[in-house]
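Visitor: Hey, dropping my_file.txt in here, compact mmCIF, C-alpha atoms and all ligand atoms:
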```txt
# COMPACT_ATOMS: atom_id res chain seq x y z
CA MET A 30 123.67 42.54 88.38
CA ARG A 31 126.48 41.55 90.73
CA SER A 32 128.96 43.85 92.34
CA ARG A 33 132.08 43.99 90.26
CA THR A 34 135.51 45.50 90.12
CA VAL A 35 136.70 47.02 86.87
CA ASN A 36 140.01 48.55 85.80
CA ARG A 37 139.97 51.49 83.46
CA SER A 38 142.51 53.95 82.17
CA GLY A 39 141.56 57.46 81.15
CA ILE A 40 141.99 61.21 81.47
CA VAL A 41 140.24 63.26 84.15
CA ILE A 42 138.05 65.79 82.32
CA ARG A 43 136.01 66.95 85.28
CA ARG A 44 136.57 67.02 89.02
CA ARG A 45 134.34 68.17 91.81
CA VAL A 46 134.76 67.99 95.58
CA THR A 47 131.59 67.58 97.65
CA PRO A 48 131.12 69.20 101.06
CA ALA A 49 131.61 65.72 102.57
CA GLY A 50 135.11 65.57 101.09
CA ASP A 51 134.30 63.10 98.33
CA ILE A 52 135.85 63.62 94.92
CA ILE A 53 133.57 63.06 91.96
CA VAL A 54 135.53 62.63 88.76
CA THR A 55 134.60 62.16 85.12
CA LEU A 56 137.13 60.35 82.98
CA LEU A 57 137.31 60.09 79.23
CA THR A 58 138.53 56.57 78.45
CA PRO A 59 138.86 54.60 75.20
CA GLN A 60 135.68 52.77 76.31
CA GLY A 61 133.74 56.00 76.76
CA LYS A 62 133.02 58.43 79.52
CA LEU A 63 133.06 57.25 83.09
CA LYS A 64 131.90 58.97 86.26
CA ALA A 65 133.01 57.74 89.66
CA ILE A 66 133.30 58.83 93.26
CA ALA A 67 136.29 58.60 95.58
CA ARG A 68 134.64 58.65 99.00
CA GLY A 69 136.57 60.79 101.44
CA GLY A 70 139.13 61.17 98.68
CA VAL A 71 140.05 64.71 99.52
CA ARG A 72 141.83 63.58 102.67
CA GLY A 73 143.78 60.72 101.09
CA PRO A 74 146.42 60.01 98.49
CA LEU A 75 143.81 59.96 95.72
CA ALA A 76 143.37 63.73 95.99
CA SER A 77 146.58 64.54 94.12
CA ARG A 78 146.20 61.72 91.60
CA LEU A 79 142.64 62.48 90.55
CA ASN A 80 143.48 65.91 89.23
CA LEU A 81 142.17 67.54 86.11
CA PHE A 82 143.99 66.39 82.93
CA HIS A 83 145.80 63.56 84.71
CA HIS A 84 145.92 60.26 82.87
CA VAL A 85 145.11 57.69 85.54
CA GLY A 86 144.54 54.01 85.84
CA ILE A 87 141.68 53.45 88.27
CA GLN A 88 140.09 50.46 89.87
CA ILE A 89 136.39 51.02 90.39
CA TYR A 90 133.80 49.05 92.23
CA GLN A 91 130.25 49.06 90.94
CA THR A 92 127.38 47.87 93.13
CA PRO A 93 123.81 47.40 92.04
CA GLN A 94 122.67 49.77 94.81
CA SER A 95 124.62 52.78 93.58
CA ASP A 96 124.64 54.34 90.17
CA LEU A 97 128.01 55.93 90.80
CA ALA A 98 130.99 53.58 90.73
CA SER A 99 133.37 53.94 93.61
CA VAL A 100 137.10 54.51 93.09
CA GLN A 101 139.16 51.94 95.02
CA GLN A 102 142.59 52.81 93.68
CA ALA A 103 144.14 55.27 91.28
CA VAL A 104 147.58 55.20 89.72
CA LEU A 105 149.02 58.14 87.87
CA GLU A 106 149.92 57.03 84.34
CA GLY A 107 150.77 60.38 82.84
CA ALA A 108 150.57 64.10 83.48
CA LEU A 109 151.22 67.21 81.43
CA PRO A 110 152.51 69.73 84.00
CA LYS A 111 152.81 72.52 81.41
CA LEU A 112 149.01 72.60 81.19
CA ALA A 113 149.08 74.47 84.50
CA GLU A 114 150.65 77.47 82.73
CA PRO A 115 147.99 80.19 82.49
CA GLU A 116 148.28 80.59 78.70
CA ARG A 117 147.64 76.86 78.25
CA TYR A 118 145.28 76.03 81.10
CA ALA A 119 142.21 77.82 79.73
CA PHE A 120 142.50 76.03 76.38
CA ALA A 121 142.93 72.63 78.03
CA HIS A 122 139.93 73.37 80.24
CA LEU A 123 137.81 74.26 77.23
CA MET A 124 138.79 70.99 75.51
CA ALA A 125 137.82 69.02 78.62
CA GLU A 126 134.47 70.79 78.84
CA LEU A 127 133.80 70.20 75.15
CA ALA A 128 134.67 66.51 75.44
CA ASP A 129 132.41 66.19 78.46
CA ALA A 130 129.51 67.78 76.57
CA LEU A 131 130.07 65.86 73.32
CA PHE A 132 130.88 62.27 74.21
CA GLN A 133 128.99 59.48 75.91
CA GLU A 134 129.53 55.73 75.96
CA GLY A 135 129.28 54.90 72.31
CA GLU A 136 130.76 54.03 68.99
CA PHE A 137 133.28 56.82 68.47
CA THR A 138 134.77 56.69 71.90
CA GLU A 139 138.18 55.27 71.08
CA GLN A 140 138.75 57.89 68.38
CA ALA A 141 137.37 60.53 70.73
CA PHE A 142 139.83 59.51 73.41
CA GLU A 143 142.77 59.60 71.00
CA LEU A 144 141.73 62.97 69.60
CA PHE A 145 141.21 64.47 73.04
CA ALA A 146 144.51 63.08 74.37
CA GLY A 147 146.22 64.52 71.28
CA ALA A 148 144.58 67.89 71.91
CA LEU A 149 145.93 68.04 75.46
CA ARG A 150 149.42 66.99 74.35
CA GLY A 151 149.39 69.63 71.62
CA ILE A 152 148.17 72.36 73.98
CA SER A 153 150.88 71.32 76.43
CA HIS A 154 153.79 71.11 74.00
CA GLN A 155 153.12 73.31 70.98
CA PRO A 156 154.35 76.92 70.91
CA ASP A 157 150.90 78.09 69.76
CA PRO A 158 148.36 76.48 72.12
CA GLU A 159 145.54 78.73 70.91
CA TRP A 160 145.85 77.36 67.40
CA VAL A 161 145.89 73.76 68.63
CA ALA A 162 142.73 74.44 70.63
CA LEU A 163 140.90 75.94 67.65
CA VAL A 164 141.84 73.06 65.35
CA MET A 165 141.00 70.41 67.94
CA GLY A 166 137.76 72.14 68.91
CA PHE A 167 136.49 71.87 65.34
CA LYS A 168 137.78 68.29 65.03
CA LEU A 169 136.14 67.15 68.28
CA LEU A 170 132.84 68.63 67.14
CA GLY A 171 133.15 66.95 63.77
CA LEU A 172 133.87 63.59 65.34
CA ALA A 173 130.77 63.92 67.50
CA GLY A 174 128.70 64.65 64.40
CA PHE A 175 128.34 68.41 64.80
CA VAL A 176 129.47 69.91 61.53
CA ALA A 177 128.59 73.48 60.60
CA GLN A 178 126.94 73.93 57.22
CA THR A 179 129.55 75.66 55.07
CA ALA A 180 128.42 74.86 51.51
CA ARG A 181 125.17 76.82 51.77
CA CYS A 182 124.02 80.00 53.45
CA ALA A 183 122.43 79.09 56.80
CA ARG A 184 119.57 81.52 56.15
CA CYS A 185 118.68 81.39 52.42
CA GLY A 186 120.57 78.35 51.12
CA ALA A 187 122.66 80.24 48.53
CA ASP A 188 125.88 78.54 47.41
CA GLN A 189 129.38 79.35 48.66
CA PRO A 190 128.65 81.60 51.65
CA ALA A 191 131.72 83.46 52.91
CA HIS A 192 130.44 85.58 55.81
CA PRO A 193 130.20 84.77 59.52
CA ASP A 194 126.78 83.89 60.93
CA PRO A 195 126.81 85.82 64.23
CA LEU A 196 123.81 83.93 65.66
CA GLY A 197 124.35 80.30 64.70
CA GLY A 198 128.09 80.10 64.07
CA GLN A 199 127.51 78.80 60.55
CA MET A 200 127.94 80.76 57.28
CA LEU A 201 125.93 83.42 55.49
CA CYS A 202 125.90 84.70 51.90
CA SER A 203 126.62 88.35 51.11
CA ASN A 204 122.88 89.15 50.87
CA CYS A 205 122.06 87.76 54.32
CA ALA A 206 125.24 88.87 56.08
CA SER A 207 125.67 91.78 58.45
CA LEU A 208 129.41 91.21 58.95
CA PRO A 209 132.25 91.46 56.40
CA ALA A 210 133.33 88.22 54.69
CA TYR A 211 135.98 86.02 56.29
CA PRO A 212 139.52 86.80 55.10
CA PRO A 213 140.85 83.99 52.84
CA GLU A 214 142.82 82.08 55.52
CA ALA A 215 139.95 82.04 58.03
CA LEU A 216 137.47 81.15 55.28
CA ASP A 217 139.58 78.21 54.18
CA PHE A 218 139.76 77.02 57.78
CA VAL A 219 136.01 77.20 58.56
CA ARG A 220 135.25 75.42 55.30
CA TYR A 221 137.71 72.55 55.59
CA ALA A 222 138.93 72.19 59.20
CA VAL A 223 136.68 69.24 59.99
CA ARG A 224 137.68 67.20 56.95
CA ARG A 225 141.36 68.11 56.88
CA SER A 226 143.86 66.14 58.96
CA VAL A 227 144.92 67.62 62.29
CA ARG A 228 148.52 67.73 61.12
CA ALA A 229 147.67 69.66 57.95
CA SER A 230 145.64 72.22 59.89
CA ILE A 231 148.24 72.63 62.63
CA GLU A 232 150.90 73.28 60.02
CA ALA A 233 148.88 76.06 58.38
CA PRO A 234 147.91 78.39 61.24
CA VAL A 235 145.44 81.19 60.56
CA PRO A 236 147.01 84.58 61.38
CA THR A 237 146.43 85.63 64.99
CA GLU A 238 144.34 88.69 64.08
CA GLN A 239 141.77 86.47 62.30
CA ARG A 240 141.26 84.08 65.20
CA ALA A 241 138.73 86.12 67.16
CA MET A 242 136.13 85.50 64.44
CA LEU A 243 136.92 81.77 64.47
CA TRP A 244 136.46 81.63 68.23
CA ARG A 245 133.16 83.48 67.93
CA ALA A 246 131.94 81.05 65.27
CA LEU A 247 132.95 78.08 67.39
CA GLU A 248 131.35 79.54 70.51
CA ARG A 249 128.09 80.35 68.71
CA PHE A 250 127.93 76.96 67.01
CA VAL A 251 128.59 75.02 70.21
CA THR A 252 126.17 77.15 72.23
CA VAL A 253 123.36 76.62 69.72
CA GLN A 254 124.03 72.97 68.85
CA VAL A 255 125.50 71.49 72.01
CA GLY A 256 125.02 73.96 74.87
CA ASN A 257 126.49 73.25 78.25
CA VAL A 258 130.00 74.67 77.80
CA GLN A 259 131.04 77.57 80.00
CA SER A 260 134.75 78.19 79.40
CA TRP A 261 134.20 80.66 76.61
CA ARG A 262 134.17 83.88 78.56
CA GLN A 263 137.89 83.95 79.23
CA LEU A 264 138.77 82.84 75.69
CA VAL A 265 136.41 84.42 73.24
CA PRO A 266 136.95 88.09 72.57
CA GLN A 267 133.59 89.80 72.91
CA PRO A 268 132.37 91.72 69.88
CA GLN A 269 132.55 95.46 70.42
CA GLU A 270 129.37 97.06 71.62
CA SER A 271 127.54 98.66 68.77
CA VAL A 272 127.65 102.40 69.06
CA ARG A 273 124.28 104.10 69.25
CA VAL A 274 124.06 107.25 67.22
ZN ZN A 301 121.81 83.95 52.30
```
What does the file become when written as C-alpha cells?
Ligand SMILES: [Zn+2]

Guide:
Amino acid sequence: MRSRTVNRSGIVIRRRVTPAGDIIVTLLTPQGKLKAIARGGVRGPLASRLNLFHHVGIQIYQTPQSDLASVQQAVLEGALPKLAEPERYAFAHLMAELADALFQEGEFTEQAFELFAGALRGISHQPDPEWVALVMGFKLLGLAGFVAQTARCARCGADQPAHPDPLGGQMLCSNCASLPAYPPEALDFVRYAVRRSVRASIEAPVPTEQRAMLWRALERFVTVQVGNVQSWRQLVPQPQESVRV
C-alpha cells in the first residue's frame, strides 16, 4: 500500500484532544465512518474547524505505517450554531454517539449519513428537538438493523403486546408485564416508528407526558442490543425508586 492523500466530506461525531495536543476526530461521511488525527491540531487553525457537529471537508494522508490517517487540511462546509443551545445540545450529542456506535464502513453508509445529517438539522431547527431526537433515534437504529420486536411479547411470544419491557426495551403482553400498557399514541409510535417515514412521525408528535416511557424503551433497547452509548443519563428520566413497605 502506498501513501495516499484523500479528500472526504463529513460531520464530526466525536472529538478528543490528547495530552500532546493532537485532535482525534471521527467523522460520519457518505462513504462511512472515518477516524483521523490532526497532529498538534489544538494549537492551530484546525482546532476551531474540527468541532463536534461541524460539517467539514478534510484532506487526509494515509501512510502504511500508521493506522490513523492524518488530517492535512480542514475546511468548514457547514455548521449548526443553534446546536450549542443547552436544550438542543444533549439531543445532538446523543445522536452523534448513537451514530458512532451503530455505523461502520459498509453498505448503508450513504443513507446513514443522510439520516444523521437530517437528525442534526431537525434538532437544530425544529421547535421540538426532543421529538426529533426520539424519531431519529428509532430510525437510526432501524437503518442499522436493530429493530425491536413489537408484534410478539418478548418473553412468551403472545400476539399484540402493548406493555413496556423494562429490561430489554421491547414489548410485553399483559400476562408478562409489570408496567401499565402504553397509552395509544406511544403504542402507535413504538409499533410503527421504524417503518413510518420521518416526516409522518415528526408531524404526529407523541404528547410530552408519554415521552419518558419512550426514552426508557430506547435506552434499554440500545443498552442491551448495541451498548456503548453514554449520553442517556441527562436525557432519560429515571424511573421512581420503588417504595419499600
Ligand atoms: Zn408475554

Visitor: Just the number, please: distance in Å from CA of Ser99 (chain A) to CA of Val255 (chain A), one decimal.

Guide: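 Going from CA of Ser99 (chain A) over to CA of Val255 (chain A) covers 28.9 Å.
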
Visitor: From the set A:Ala162, A:Ile89, A:Ala241, A:Leu169, which residue has the shortest atom-to-atom contact distance to Val223 (chain A), counting only C-alpha atoms?

Guide: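 Using only C-alpha atoms, Val223 (chain A) sits closest to A:Leu169.
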
Visitor: Would you mind telling me which residue in A:Gln259, A:Phe250, A:Pro190, A:Ala222 lies nearest to ligand ZN 301 (chain A) when using all atoms listed in the file?

Guide: A:Pro190

Visitor: As a PyMOL selection string, please: every protein or nucleic acid residue near ligand ZN 301 (chain A) (cut-off 8 Å, counting only C-alpha atoms and all ligand atoms).

Guide: chain A and resi 181-187+190+201-206

Visitor: For Thr47 (chain A), which residue among A:Gly69, A:Pro195, A:Gly166, A:Pro59 is the nearest when counting only C-alpha atoms?

Guide: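 Among the listed residues, A:Gly69 lies closest to Thr47 (chain A).
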